[in-house]
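What follows is one structure encoded as structure tokens, with my remarks underneath.
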Amino acid sequence: MAAQCCCRKAPGAEAAPARPPPEPPPALDVASASSAQLFRLRHLQLGLELRPEARELAGCLVLELCALRPAPRALVLDAHPALRLHSAAFRRAPAAAETSCAFAFPAPGPGPPPPPLPAFPEGPGTEPASCPLAFRLDPFTDYGSSLTVTLPPELQAHHPFQVILRYTSTDAPAIWWLDPELTYGNAKPFVFTQGHSVCNRSFFPCFDTPAVKCTYSAVVKAPSGVQVLMSATQSVYLEEEGVYRFHMEHPVPAYLVALVAGDLKPADIGPRYDIVFLPPSFPIVAMENPCLTFIISSILESDEFLVIDVIHEVAHSWFGNAVTNATWEEMWLSEGLATYAQRRITTETYGAAFTCLETAFRLDALHRQMRLLGEDSPVSKLQVKLEPGVNPSHLMNLFTYEKGYCFVYYLSQLCGDPQRFDDFLRAYVEKYKFTSVVAQDLLDSFLSFFPELKEQSVDCRAGLEFERWLNATGPPLAEPDLSQGSSLTRPVEALFQLWTAEPLDQAAASASAIDISKWRTFQTALFLDRLLDGSPLPQEVVMSLSKCYSSLLDSMNAEIRIRWLQIVVRNDYYPDLHRVRRFLESQMSRMYTIPLYEDLCTGALKSFALEVFYQTQGRLHPNLRRTIQQILSQGLGPSAEASTAPNAELARAGAEAGSDSAALLLGDEAPSSTISLRDVNVSA
């Protein structure tokens with residue numbers, strides 16, 4: 001916090017207005033059309049009205065800004081064709097640090113001009129003047145537009161002002177509407193938002209870049225009986241006004257502003273940490289919205305996966321939320337550090353063996369992805385080059401998580417003591433909390449915290465140079481020692497070897513003596529993944545596998561069942577197709593439907609897939625329905641949610657999280673590929 005001067009003015013003298021030191025401009029983000037480097041965003045206020053019948057959100061946005069240089073000609077914000085701008089206005093900021101407002105919302109649909117903007121009280125009997133501003137929307141990329149707002153010519157540097165925008169948003173990629181019949185209660189409409197990476201520009205105009213963070217407040221009006229939650233530190237329901245009020249006291253990037261509304265049922269399960277379990281149409285597994293983690297309800301039955309997902313999102317409280325990667329090209333700064341913190345927590349809570357098992361499971365998926373992409377793939381770098389026009393969510397893959405984790409683990413090994421490295425991470429978070437950083441900030445802090453390592457030039461060790469970690473393609477330069485997990489991984493390897501040994505009858509007899517019902521979920525999932533990697537298998541092997549395991553696996557959680565059913569489909573094993581049908585008839589989640597439809601359509605079972613889809617499509621979210629229709633029409637993996645899919649951290653499909661497109665690339669209109677969703681598993 002900046003120090004405040006306590007000196008008194010000399011009698012009769014006027015103190016010069018305080019001027020904060022100039023702030024460094026945000027890192028250039030090619031995924032943002034905004035002029036964020038020319039302004040300081042102090043706070044944003046949102047007034048929102050939910051209109052579920054029209055699937056529309058009406059908004060009044062107040063941006064509190066300072067120009068970093070005199071007389072900027074225009075303010076450029078990230079927006080989206082889904083936004084319909086009604087008006088823009090300029091207002092000099094009130095003298096008070098806090099302002100309040102009564103939001104007037106645009107009238108629904110076409111009609112007369114919207115009513116005047118509300119007054120923002122500056123003090124008793126006074127009101128700051130406002131004036132309308134010219135604005136225009138221009139194309140930017142296929143995932144957004146640029147909104148240019150002309151500013152008054154006399155604007156001075158470092159003097160606060162407000163820009164007020166009134167808009168409606170319809171069919172926005174960030175906003176997911178559910179009809180009552182797609183909810184568990186079947187009574188109330190439901191809506192949630194998903195902003196990662198660059199979708200919140202369709203929720204409200206903003207500096208949609210992780211380099212810019214600010215506090216925010218919101219007022220939300222919802223239909224009667226609909227509860228509203230937002231990713232905020234404070235919330236209150238004003239019954240007499242029929243509105244919810246929220247305030248986030250810590251600066252956050254735009255993508256972490258999140259909302260959910262519907263027939264929400266609270267349950268106290270322990271000390272305060274708020275989680276919302278969303279309907280199966282939630283497009284990813286989990287999202288670390290501050291103070292309000294979103295998790296897909298489908299994962300509830302898979303206890304070990306649920307534990308990992310929750311701990312991972314908790315870890316994002318420090319890495320990703322408090323300290324954020326300044327550019328999308330370095331997402332590993334959030335995901336790699338959060339994965340490391342997650343595994344430190346599970347080691348302390350569940351033991352080293354469990355953590356090593358989970359890590360082996362993920363690294364197994366990383367090497368699978370590498371075999372598919374090739375070791376020279378540019379997306380395997382930690383510092384990935386984002387080309388203009390490319391959706392940054394396309395950069396989300398296992399390397400972001402697991403190669404990033406391996407680098408952080410390597411740093412922890414250099415200092416020789418996990419506890420000392422924990423101390424470093426605490427100091428790093430304390431230094432950079434509520435700001436955005438680049439990789440050099442982390443590495444400079446590391447070498448400053450451990451001066452003895454700096455003296456040893458550990459950043460320049462041959463073959464393990466820090467620069468090479470960041471910019472070399474291919475696998476991690478070093479991987480952790482997972483021998484502490486051998487008591488759990490060795491039985492998996494032994495069973496897999498039995499099933500691939502000759503002669504089959506002896507292998508089956510030996511394998512049947514191993515009781516996998518007592519295994520941990522990650523053990524069974526790892527075993528089935530190995531069988532999937534070896535598919536297609538000889539038919540007699542699949543027949544024996546089915547005889548030994550099919551009924552048992554059918555009683556396990558969905559993470560296990562989908563893997564076995566993919567083995568059934570990839571091996572055209574018709575006797576177990578009824579289990580595939582029953583699974584798809586009961587699932588509405590993309591993470592458990594898309595992998596099976598992909599496999600069905602790349603094999604000889606496309607007619608079966610069509611039959612099941614036509615029987616179940618009425619229970620699927622429209623976005624998921626379009627994706628599956630795309631798979632069925634092409635016979636390949638989906639490109640994306642027909643340009644309506646919210647982007648976020650990778651959706652797990654089948655195994656643990658999988659990418660949201662068949663090309664490892666998540667986002668709107670991603671190119672098709674023959675790579676299966678299930679082959680690109682990452683943690684949430």
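Naming works like this for the structure tokens: A, B, ... for the chains as they're shown, residue 1 at the start of each chain, ligands 1 onward in shown order.
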
Mind listing the alpha helix (DSSP H) residues of stretch 433-635 of chain A, per DSSP on the backbone, as a count of residues only? 134

Within 10 Å of stretch 409-425 of chain A using only C-alpha atoms, minus same-chain residues under 3 positions, as a ChimeraX atom specification: /A:318-319,336-337,339-341,344,403-406,428-431,442-443,445-446,448-450,452-453,458-459,464,466,476-480

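The nearest approach to A:Ile275 among the residues A:Pro251, A:Met230, A:Glu301, A:Tyr574, with only C-alpha atoms taken into account, belongs to A:Met230.
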
Interface rows for stretch 378-408 of chain A against stretch 199-203 of chain A: nearest pair, Å to one decimal, 12 Å, only C-alpha atoms, as CSV:
residue,atom,partner,partner_atom,distance
A:Asn391,CA,A:Cys199,CA,10.1
A:Pro392,CA,A:Cys199,CA,10.6
A:Ser393,CA,A:Cys199,CA,9.9

Export, as a CSV table (one decimal), in the first residue's frame, the selected residues with all heavy atoms.
chain,number,residue,atom,x,y,z
A,391,ASN,N,-6.8,-18.2,-31.1
A,391,ASN,CA,-7.4,-18.2,-29.8
A,391,ASN,C,-6.4,-18.7,-28.7
A,391,ASN,O,-5.8,-19.8,-28.9
A,391,ASN,CB,-8.6,-19.1,-29.8
A,391,ASN,CG,-9.5,-18.9,-28.5
A,391,ASN,OD1,-9.0,-18.9,-27.4
A,391,ASN,ND2,-10.8,-18.9,-28.7
A,392,PRO,N,-6.1,-17.9,-27.7
A,392,PRO,CA,-5.1,-18.4,-26.7
A,392,PRO,C,-5.4,-19.7,-26.0
A,392,PRO,O,-4.6,-20.4,-25.5
A,392,PRO,CB,-5.0,-17.2,-25.7
A,392,PRO,CG,-6.2,-16.4,-25.9
A,392,PRO,CD,-6.6,-16.6,-27.3
A,393,SER,N,-6.7,-20.0,-26.0
A,393,SER,CA,-7.1,-21.3,-25.4
A,393,SER,C,-6.5,-22.5,-26.2
A,393,SER,O,-6.5,-23.6,-25.7
A,393,SER,CB,-8.6,-21.4,-25.3
A,393,SER,OG,-9.1,-20.5,-24.3

Using only C-alpha atoms, the shortest atom-to-atom distance to A:Pro283 among A:Pro132, A:Pro173, A:Gly603, A:Gly534 belongs to A:Pro173

Can you measure atom CA of A:Ser197 to atom CA of A:Ile296 for me? One decimal in Å is fine.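 Answer for the atom CA of A:Ser197 to atom CA of A:Ile296 separation: 18.0 Å.
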
Would you compute the distance between atom CA of A:Val492 and atom CA of A:Leu531? Give it in Å to one decimal. 11.0 Å

Between A:Leu61, A:Cys206, A:Ala174, A:Ala439, which is the closest to A:Ser35 once you count only C-alpha atoms?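 Closest to A:Ser35, using only C-alpha atoms: A:Cys206.
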
Quick one: distance from atom CA of A:Asn325 to atom CA of A:Gly195 in Å, one decimal?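 It comes out at 15.6 Å.
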
Contacts of A:Glu329 at 7 Å (only C-alpha atoms; same-chain gap of 2+ positions) as a list in words: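 Result of the neighbour search: Thr327, Met331, Gln383, Val384, Lys385 and Leu386 of chain A.
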
Output the selection as a PDB file, in the first residue's frame - N, CA and C atoms for each residue.
ATOM      1  N   THR A 327       0.782 -12.940 -19.700  1.00  0.00           N
ATOM      2  CA  THR A 327       0.402 -13.241 -21.079  1.00  0.00           C
ATOM      3  C   THR A 327      -0.069 -14.681 -21.155  1.00  0.00           C
ATOM      4  N   MET A 331       1.080 -19.622 -19.745  1.00  0.00           N
ATOM      5  CA  MET A 331       0.069 -20.161 -18.838  1.00  0.00           C
ATOM      6  C   MET A 331       0.651 -21.150 -17.842  1.00  0.00           C
ATOM      7  N   GLN A 383       7.108 -21.501 -23.112  1.00  0.00           N
ATOM      8  CA  GLN A 383       6.845 -20.171 -23.654  1.00  0.00           C
ATOM      9  C   GLN A 383       6.426 -20.328 -25.105  1.00  0.00           C
ATOM     10  N   VAL A 384       5.117 -20.416 -25.296  1.00  0.00           N
ATOM     11  CA  VAL A 384       4.582 -20.665 -26.631  1.00  0.00           C
ATOM     12  C   VAL A 384       4.358 -19.336 -27.333  1.00  0.00           C
ATOM     13  N   LYS A 385       4.638 -19.296 -28.604  1.00  0.00           N
ATOM     14  CA  LYS A 385       4.392 -18.091 -29.388  1.00  0.00           C
ATOM     15  C   LYS A 385       2.939 -18.070 -29.834  1.00  0.00           C
ATOM     16  N   LEU A 386       2.212 -17.047 -29.401  1.00  0.00           N
ATOM     17  CA  LEU A 386       0.813 -16.891 -29.800  1.00  0.00           C
ATOM     18  C   LEU A 386       0.751 -15.977 -31.010  1.00  0.00           C
TER      19      LEU A 386
END
